[in-house]
Structure formats: C-alpha cells, structure tokens
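**Q** Sending over my_file.cif (mmCIF, C-alpha atoms and all ligand atoms).
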data_work
#
loop_
_atom_site.label_atom_id
_atom_site.label_comp_id
_atom_site.auth_asym_id
_atom_site.auth_seq_id
_atom_site.Cartn_x
_atom_site.Cartn_y
_atom_site.Cartn_z
CA MET A 1 -25.05 20.07 -28.06
CA PRO A 2 -28.87 20.23 -27.81
CA ALA A 3 -30.62 16.90 -28.48
CA GLN A 4 -32.27 18.16 -31.68
CA ARG A 5 -28.94 19.29 -33.17
CA VAL A 6 -27.39 15.93 -32.25
CA LYS A 7 -30.24 14.14 -34.04
CA THR A 8 -29.86 16.36 -37.12
CA ALA A 9 -26.09 15.79 -37.19
CA LEU A 10 -26.55 12.03 -36.93
CA ARG A 11 -29.15 12.03 -39.70
CA ARG A 12 -26.82 13.97 -41.97
CA ALA A 13 -24.08 11.44 -41.26
CA GLY A 14 -26.48 8.67 -42.36
CA LEU A 15 -26.90 7.26 -38.87
CA THR A 16 -30.30 6.16 -37.64
CA ARG A 17 -31.34 6.34 -34.00
CA ARG A 18 -30.68 2.60 -33.74
CA HIS A 19 -27.11 2.99 -35.03
CA ALA A 20 -26.46 5.85 -32.64
CA ALA A 21 -27.83 3.83 -29.72
CA ALA A 22 -25.60 0.89 -30.64
CA ILE A 23 -22.51 3.10 -30.80
CA ARG A 24 -23.38 4.59 -27.42
CA MET A 25 -23.92 1.14 -25.91
CA CYS A 26 -20.58 -0.09 -27.25
CA CYS A 27 -18.79 2.96 -25.81
CA GLU A 28 -20.50 2.61 -22.44
CA ARG A 29 -19.72 -1.07 -22.07
CA THR A 30 -16.12 -0.63 -23.17
CA ALA A 31 -15.58 2.30 -20.77
CA LEU A 32 -17.17 0.48 -17.83
CA SER A 33 -15.13 -2.65 -18.51
CA VAL A 34 -12.00 -0.56 -18.04
CA ALA A 35 -13.01 1.66 -15.14
CA GLY A 36 -16.10 0.06 -13.55
CA GLU A 37 -16.23 -1.18 -9.98
CA ARG A 38 -15.39 -4.89 -9.56
CA ARG A 39 -17.45 -6.90 -7.07
CA PRO A 40 -16.71 -10.21 -5.37
CA ALA A 41 -17.52 -13.29 -7.48
CA ARG A 42 -21.08 -14.57 -7.07
CA SER A 43 -23.66 -16.65 -8.88
CA ARG A 44 -25.14 -15.04 -11.97
CA ILE A 45 -27.87 -15.72 -14.48
CA LEU A 46 -26.73 -14.65 -17.95
CA CYS A 47 -29.26 -13.33 -20.44
CA TYR A 48 -28.65 -13.89 -24.14
CA HIS A 49 -31.00 -13.37 -27.08
CA SER A 50 -29.83 -14.61 -30.48
CA VAL A 51 -26.60 -16.41 -31.36
CA GLY A 52 -25.88 -15.56 -34.99
CA THR A 53 -28.95 -13.55 -36.05
CA ALA A 54 -27.39 -10.28 -37.19
CA SER A 55 -30.80 -8.62 -37.54
CA TRP A 56 -31.23 -8.89 -33.75
CA GLY A 57 -28.78 -6.02 -33.46
CA VAL A 58 -27.05 -5.23 -30.19
CA ASN A 59 -28.47 -8.34 -28.56
CA ASP A 60 -26.96 -10.77 -31.05
CA VAL A 61 -23.85 -12.66 -30.01
CA ALA A 62 -21.69 -14.35 -32.68
CA PRO A 63 -21.59 -18.18 -32.39
CA ALA A 64 -17.79 -18.36 -31.94
CA ARG A 65 -17.96 -15.71 -29.24
CA PHE A 66 -20.77 -17.53 -27.45
CA ARG A 67 -18.65 -20.67 -27.18
CA SER A 68 -15.58 -18.76 -26.10
CA GLN A 69 -17.57 -16.97 -23.36
CA ILE A 70 -18.61 -20.30 -21.90
CA GLU A 71 -15.02 -21.53 -22.05
CA THR A 72 -13.85 -18.29 -20.41
CA ALA A 73 -16.33 -18.77 -17.57
CA ILE A 74 -15.27 -22.37 -17.01
CA ARG A 75 -11.59 -21.36 -16.97
CA ALA A 76 -12.48 -18.70 -14.38
CA GLY A 77 -13.83 -21.42 -12.10
CA TYR A 78 -17.58 -21.09 -12.76
CA HIS A 79 -19.87 -24.05 -13.16
CA PHE A 80 -23.25 -24.05 -14.85
CA VAL A 81 -26.55 -24.86 -13.14
CA PRO A 82 -30.24 -24.36 -14.00
CA ALA A 83 -31.36 -20.72 -13.66
CA GLU A 84 -34.08 -21.61 -11.14
CA LEU A 85 -31.43 -22.90 -8.78
CA ILE A 86 -29.74 -19.51 -8.67
CA ALA A 87 -33.09 -17.68 -8.63
CA SER A 88 -34.12 -19.53 -5.48
CA ASP A 89 -30.82 -18.92 -3.72
CA GLU A 90 -29.77 -15.42 -4.74
CA ASP A 91 -27.39 -14.71 -1.91
CA SER A 92 -25.05 -17.52 -2.79
CA ASP A 93 -21.50 -16.37 -3.37
CA GLU A 94 -20.56 -19.56 -5.19
CA ARG A 95 -19.23 -19.27 -8.71
CA ARG A 96 -22.32 -20.61 -10.40
CA LEU A 97 -23.69 -19.44 -13.75
CA ALA A 98 -26.95 -20.09 -15.57
CA ILE A 99 -27.81 -19.40 -19.19
CA THR A 100 -31.12 -17.96 -20.39
CA PHE A 101 -32.24 -16.85 -23.84
CA ASP A 102 -35.05 -14.36 -24.38
CA ASP A 103 -37.39 -14.03 -27.38
CA GLY A 104 -37.21 -17.54 -28.91
CA LEU A 105 -34.87 -17.14 -31.86
CA ALA A 106 -34.12 -19.98 -34.26
CA SER A 107 -30.37 -19.31 -34.06
CA VAL A 108 -30.45 -20.47 -30.44
CA ALA A 109 -31.42 -23.95 -31.65
CA THR A 110 -28.90 -23.87 -34.49
CA ASN A 111 -25.86 -22.31 -32.87
CA ALA A 112 -26.22 -22.43 -29.09
CA ALA A 113 -28.13 -25.61 -28.20
CA PRO A 114 -25.52 -27.98 -29.76
CA VAL A 115 -22.73 -26.28 -27.78
CA LEU A 116 -24.71 -26.45 -24.55
CA GLU A 117 -25.63 -30.08 -25.15
CA GLU A 118 -22.00 -30.97 -25.92
CA MET A 119 -20.87 -29.34 -22.67
CA GLY A 120 -23.77 -30.67 -20.58
CA ILE A 121 -24.97 -27.19 -19.65
CA PRO A 122 -28.62 -26.66 -18.62
CA TRP A 123 -30.41 -23.63 -20.04
CA THR A 124 -33.69 -21.73 -20.20
CA LEU A 125 -35.58 -20.37 -23.20
CA ALA A 126 -38.15 -17.61 -22.65
CA VAL A 127 -40.62 -17.53 -25.54
CA VAL A 128 -43.07 -14.94 -26.84
CA THR A 129 -46.18 -16.95 -27.67
CA ASP A 130 -47.40 -14.79 -30.58
CA TRP A 131 -43.96 -15.02 -32.18
CA ALA A 132 -43.87 -18.81 -31.78
CA ASP A 133 -47.35 -18.82 -33.37
CA GLY A 134 -45.84 -17.05 -36.38
CA LEU A 135 -47.45 -13.68 -35.59
CA HIS A 136 -44.46 -11.45 -36.26
CA GLU A 137 -42.75 -9.58 -39.07
CA PHE A 138 -39.18 -10.75 -38.55
CA GLY A 139 -39.17 -12.94 -41.65
CA ASP A 140 -39.17 -16.67 -42.32
CA GLY A 141 -36.94 -18.87 -40.22
CA VAL A 142 -35.96 -16.19 -37.72
CA MET A 143 -38.12 -17.33 -34.81
CA LEU A 144 -38.57 -20.80 -33.35
CA ASP A 145 -41.96 -22.39 -33.92
CA TRP A 146 -43.68 -24.63 -31.39
CA ARG A 147 -42.34 -27.85 -32.91
CA ALA A 148 -38.79 -26.59 -32.56
CA ILE A 149 -39.45 -25.33 -29.03
CA GLU A 150 -40.89 -28.71 -28.09
CA ARG A 151 -37.79 -30.46 -29.46
CA LEU A 152 -35.55 -28.17 -27.39
CA ALA A 153 -37.62 -28.89 -24.30
CA GLU A 154 -37.29 -32.63 -24.95
CA THR A 155 -33.52 -32.27 -25.06
CA GLY A 156 -33.45 -30.46 -21.73
CA ALA A 157 -34.23 -26.77 -22.27
CA ASN A 158 -36.38 -25.26 -19.56
CA ILE A 159 -39.20 -23.22 -21.14
CA ALA A 160 -40.25 -19.89 -19.63
CA SER A 161 -42.74 -17.24 -20.74
CA HIS A 162 -41.68 -13.94 -22.24
CA SER A 163 -45.32 -12.72 -22.70
CA VAL A 164 -47.83 -12.96 -25.55
CA SER A 165 -46.69 -10.00 -27.66
CA HIS A 166 -43.55 -8.56 -26.00
CA PRO A 167 -45.11 -5.30 -24.76
CA ASP A 168 -43.53 -2.70 -22.51
CA PHE A 169 -45.28 -3.46 -19.21
CA GLY A 170 -44.48 0.08 -18.08
CA ARG A 171 -46.82 1.41 -20.77
CA ILE A 172 -49.80 -0.97 -20.72
CA ASP A 173 -52.74 -0.98 -18.31
CA GLU A 174 -53.24 -3.60 -15.61
CA GLN A 175 -55.85 -5.52 -17.58
CA LYS A 176 -53.58 -5.90 -20.60
CA ALA A 177 -50.64 -6.84 -18.35
CA GLU A 178 -52.73 -9.52 -16.69
CA ALA A 179 -53.75 -10.93 -20.08
CA GLU A 180 -50.12 -11.05 -21.27
CA LEU A 181 -49.05 -12.92 -18.14
CA PHE A 182 -51.94 -15.38 -17.85
CA GLU A 183 -52.49 -16.09 -21.56
CA SER A 184 -48.84 -16.69 -22.41
CA ARG A 185 -48.60 -19.26 -19.61
CA PHE A 186 -51.80 -20.93 -20.78
CA THR A 187 -50.70 -20.92 -24.45
CA ILE A 188 -47.33 -22.55 -23.69
CA ALA A 189 -49.14 -25.24 -21.72
CA SER A 190 -51.65 -25.85 -24.51
CA ARG A 191 -49.06 -25.88 -27.35
CA ILE A 192 -46.33 -28.06 -25.80
CA GLY A 193 -47.78 -29.39 -22.55
CA ILE A 194 -45.38 -27.48 -20.29
CA THR A 195 -46.66 -24.98 -17.73
CA PRO A 196 -43.85 -22.47 -17.24
CA SER A 197 -42.91 -21.41 -13.74
CA ALA A 198 -40.76 -18.46 -14.81
CA PHE A 199 -41.46 -15.21 -16.64
CA ALA A 200 -38.82 -13.01 -18.27
CA ILE A 201 -39.82 -9.32 -18.41
CA PRO A 202 -39.84 -8.03 -22.01
CA LEU A 203 -37.14 -5.34 -22.40
CA GLY A 204 -36.34 -5.99 -18.78
CA GLN A 205 -35.39 -2.58 -17.47
CA THR A 206 -36.77 -0.99 -14.33
CA LYS A 207 -39.10 1.24 -16.37
CA ASN A 208 -40.55 -1.81 -18.14
CA TRP A 209 -42.10 -3.28 -14.96
CA ASN A 210 -44.07 -2.20 -11.89
CA THR A 211 -45.58 -3.48 -8.66
CA ALA A 212 -48.97 -4.24 -10.22
CA ALA A 213 -47.33 -6.38 -12.92
CA GLN A 214 -45.26 -8.21 -10.31
CA GLU A 215 -48.40 -9.00 -8.30
CA SER A 216 -50.18 -10.10 -11.44
CA ALA A 217 -47.27 -12.39 -12.36
CA GLU A 218 -47.48 -14.02 -8.95
CA ARG A 219 -51.26 -14.47 -9.31
CA ALA A 220 -50.69 -16.06 -12.72
CA GLY A 221 -48.54 -18.70 -11.02
CA TYR A 222 -45.01 -17.64 -11.88
CA LEU A 223 -42.54 -18.50 -9.15
CA THR A 224 -39.70 -16.54 -10.75
CA VAL A 225 -39.66 -13.21 -12.62
CA TYR A 226 -36.40 -12.45 -14.41
CA ALA A 227 -35.43 -8.79 -14.71
CA GLN A 228 -32.23 -7.03 -15.59
CA THR A 229 -29.69 -5.37 -13.31
CA GLU A 230 -28.90 -6.35 -9.77
CA ASP A 231 -29.06 -2.82 -8.39
CA ARG A 232 -32.17 -1.50 -10.15
CA ARG A 233 -34.57 -4.43 -10.42
CA HIS A 234 -37.98 -4.31 -8.76
CA PRO A 235 -38.53 -6.13 -5.43
CA GLY A 236 -39.43 -9.76 -6.00
CA THR A 237 -37.65 -10.03 -9.35
CA VAL A 238 -34.42 -11.88 -10.08
CA ALA A 239 -31.40 -10.11 -11.60
CA ARG A 240 -29.77 -11.23 -14.81
CA THR A 241 -26.49 -10.20 -16.39
CA PHE A 242 -27.10 -9.21 -20.03
CA VAL A 243 -24.60 -10.19 -22.69
CA THR A 244 -24.46 -8.03 -25.83
CA ARG A 245 -22.96 -8.07 -29.30
CA PHE A 246 -20.12 -5.84 -28.11
CA ASP A 247 -18.91 -8.07 -25.33
CA SER A 248 -15.28 -8.79 -26.09
CA PRO A 249 -13.51 -11.20 -23.73
CA ARG A 250 -12.58 -8.27 -21.49
CA ILE A 251 -16.15 -6.92 -21.37
CA PHE A 252 -17.51 -10.42 -20.67
CA ARG A 253 -15.06 -10.95 -17.80
CA SER A 254 -16.09 -7.54 -16.44
CA ALA A 255 -19.75 -8.57 -16.61
CA LEU A 256 -18.93 -11.64 -14.50
CA ALA A 257 -17.18 -9.31 -12.06
CA GLY A 258 -20.37 -7.26 -11.60
CA VAL A 259 -19.25 -4.18 -13.50
CA PHE A 260 -22.68 -3.88 -15.16
CA ASP A 261 -24.75 -4.56 -12.05
CA HIS A 262 -25.98 -0.96 -12.14
CA TRP A 263 -26.15 -0.61 -15.93
CA GLU A 264 -29.35 -1.05 -17.91
CA GLU A 265 -29.63 -1.75 -21.58
CA TRP A 266 -31.67 1.16 -22.83
CA VAL A 267 -32.07 0.50 -26.55
ZN ZN B 301 -37.32 -9.85 -25.25
#
Please re-express this file's structure in structure tokens.
**A**
Amino acid sequence: MPAQRVKTALRRAGLTRRHAAAIRMCCERTALSVAGERRPARSRILCYHSVGTASWGVNDVAPARFRSQIETAIRAGYHFVPAELIASDEDSDERRLAITFDDGLASVATNAAPVLEEMGIPWTLAVVTDWADGLHEFGDGVMLDWRAIERLAETGANIASHSVSHPDFGRIDEQKAEAELFESRFTIASRIGITPSAFAIPLGQTKNWNTAAQESAERAGYLTVYAQTEDRRHPGTVARTFVTRFDSPRIFRSALAGVFDHWEEWV
C-alpha cells in the first residue's frame, strides 16, 4: 500500500504517527526476539530512559519490569559494573552489564535509583542541561532539576552529558554541534561541580551523528561517546543495548543475547 494511503488509513482509524510507530516497534522487537540471530554472551551497556513516566512513550519501562530485568540478568550470570569500565574494554566477553539512563527523568530517581542502591549497582545518568534548567515543555515534576541530579551524584550516580537541548546532530551545523558539546559539559560542571567524561548521543542512531561531531566531542574533552547499536555505530563510539517499553522477559533476554545488535530505534 502506498505510504500516503497507509497514513490516511491510520488517521481514519484514529492512530497518530506516534501510535503507528509504537505498534511497528513492538512488532519488530517481538518478531526479532523469536527469530533473530543469537550471539555469544558479552559485556553490554544497557540504555534506559524513564522508569514509570508513561508520557515518555516507547522508551518508558514500568518500575516492576525494571526490577525484574535486573533480577533476570543476575540469574543469567551477569554482574553489574560502571559503564566506563565496559566502554574502555569493549572486546571483553565477560558477562558484565552496565546501566545508563538518558534524558534526566524524575522517575529514575523515584523508581530506579532505590532499586539500584538496594542492589549495589553502579549507574550513569546522561542529562540534557536545558531540561535540568527547567527549559522544557514536559510539565512539572517530569524532569530532574540540578538539586536532584546533585543528590543522585552524591549517592553514586555517574553524571554524563546528553547535550544542551537534545538536537539531532545529523541535522545541525558544525558550529551548533560544537556549542552543544562544549556548553553542556561546562554547564554540568558549573551547576554541580562535576565535569562529565562521557557524552550520550541524543536519539542515538547512526543518522543522528557524524565524523565532525565525533571529533568535536573529543575536542570538548569527552573520553566516551555512547551510541546505539553494535553493528551500526560510528567509529569511536560505544554501543549500547536499548531497552524499551515493549521488552517482555523474552525480548529482554534476546537483547542480552545480541538479537538487537543490528536494530535501531527509529521513532
Ligand atoms: Zn535522549
């Protein structure tokens, strides 16, 4: 069916583009979890976003599911380490996992941090500095502010940059990219006294990054740049395994087995 007719049909059925994308993502992840290629166990850096913020859509993971995923991983023989440790030793085939959260959502402090603290698991939070400054339209209480981020850092969270305004680096010019990389690092240092050594690419797909941005990130002082899939990431970046709202226990176990190492979240 031509794309325009598909769009019209979806509109008539009351489905927005976002709904349609979510349905497609769910179908893709379910199908791959059944039929996708399994790879040998290796270290992985997991990427989460919110834990109990329904408005975050496909990237929100329910609190009970978050806990059960960690328990699943531990039962499968994985142990948790800081993300930088895996980033600096990517070829390791040990069963190590690291946990990162992008965007800086308040539900991470409410629903994930207590679980991680209880289990003694290190983790990384990549923040968007404008959003932590309150410059967003997500509503009250959705994003972490600097005080909350500072408290998380004091209790052990490693703080990384996720840019100033969460742009698509594939669509901005080099000057703007440089500003996003340098200024976010400087702002985090000035707000909470921590100079981040890692940068998580907003959106994270191959098309959202390029060689110029990578070089700029290195000039800005970042030692690690977190991307998305193992197979498609740009040279110099570090792969992460994304976890989505649709990840049932079977899909999560498949993600640990590398089934999504070629798959990119495209929403
Ligand atoms: Zn993000």
**Q** Enter the distance from CA of Ala22 in chain A to CA of Asn59 in chain A, in Å, rounded to one decimal.
**A**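 Value for the CA of Ala22 in chain A-CA of Asn59 in chain A distance: 9.9 Å.
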**Q** Need to verify the contact set: Thr244 in chain A, 12 Å, only C-alpha atoms, exclusion of same-chain residues closer than 2 positions in sequence. Can you return it as a VMD selection string?
**A** chain A and resid 22 25 to 26 28 to 30 46 to 52 54 56 to 62 65 to 66 69 101 241 to 242 246 to 249 251 to 252 255 260 264 to 265 267
**Q** Which residues are near Gln205 in chain A? Cut-off 8 Å, only C-alpha atoms, ignore same chain within fewer than 2 positions. Put them as a VMD selection string.
**A** chain A and resid 203 207 to 209 227 to 229 233 264 to 266
**Q** At a cut-off of 12 Å around the point (-10.9, -19.5, -13.3) (file coordinates), what residues fall inside when counting all atoms listed in the file? I'd like the answer as a ChimeraX atom specification.
**A** /A:41,70-79,95-96,253,256
**Q** What does the distance from CA of Asp168 in chain A to CA of Ser190 in chain A come to in Å, to one decimal?
**A**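 Those two atoms sit 24.6 Å apart.
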**Q** For chain A against ligand ZN 301 (chain B), with a cut-off of 8 Å and counting all atoms listed in the file, what is the closest atom pair and its distance in Å to one decimal for every residue that makes the cut, ordered by chain and number, as JSON lines?
**A**
{"residue": "A:His49", "atom": "CA", "partner": "B:ZN301", "partner_atom": "ZN", "distance": 7.5}
{"residue": "A:Asp102", "atom": "CA", "partner": "B:ZN301", "partner_atom": "ZN", "distance": 5.1}
{"residue": "A:Asp103", "atom": "CA", "partner": "B:ZN301", "partner_atom": "ZN", "distance": 4.7}
{"residue": "A:Val128", "atom": "CA", "partner": "B:ZN301", "partner_atom": "ZN", "distance": 7.8}
{"residue": "A:His162", "atom": "CA", "partner": "B:ZN301", "partner_atom": "ZN", "distance": 6.7}
{"residue": "A:His166", "atom": "CA", "partner": "B:ZN301", "partner_atom": "ZN", "distance": 6.4}
{"residue": "A:Ala200", "atom": "CA", "partner": "B:ZN301", "partner_atom": "ZN", "distance": 7.8}
{"residue": "A:Ile201", "atom": "CA", "partner": "B:ZN301", "partner_atom": "ZN", "distance": 7.3}
{"residue": "A:Pro202", "atom": "CA", "partner": "B:ZN301", "partner_atom": "ZN", "distance": 4.5}
{"residue": "A:Leu203", "atom": "CA", "partner": "B:ZN301", "partner_atom": "ZN", "distance": 5.3}
{"residue": "A:Gly204", "atom": "CA", "partner": "B:ZN301", "partner_atom": "ZN", "distance": 7.6}
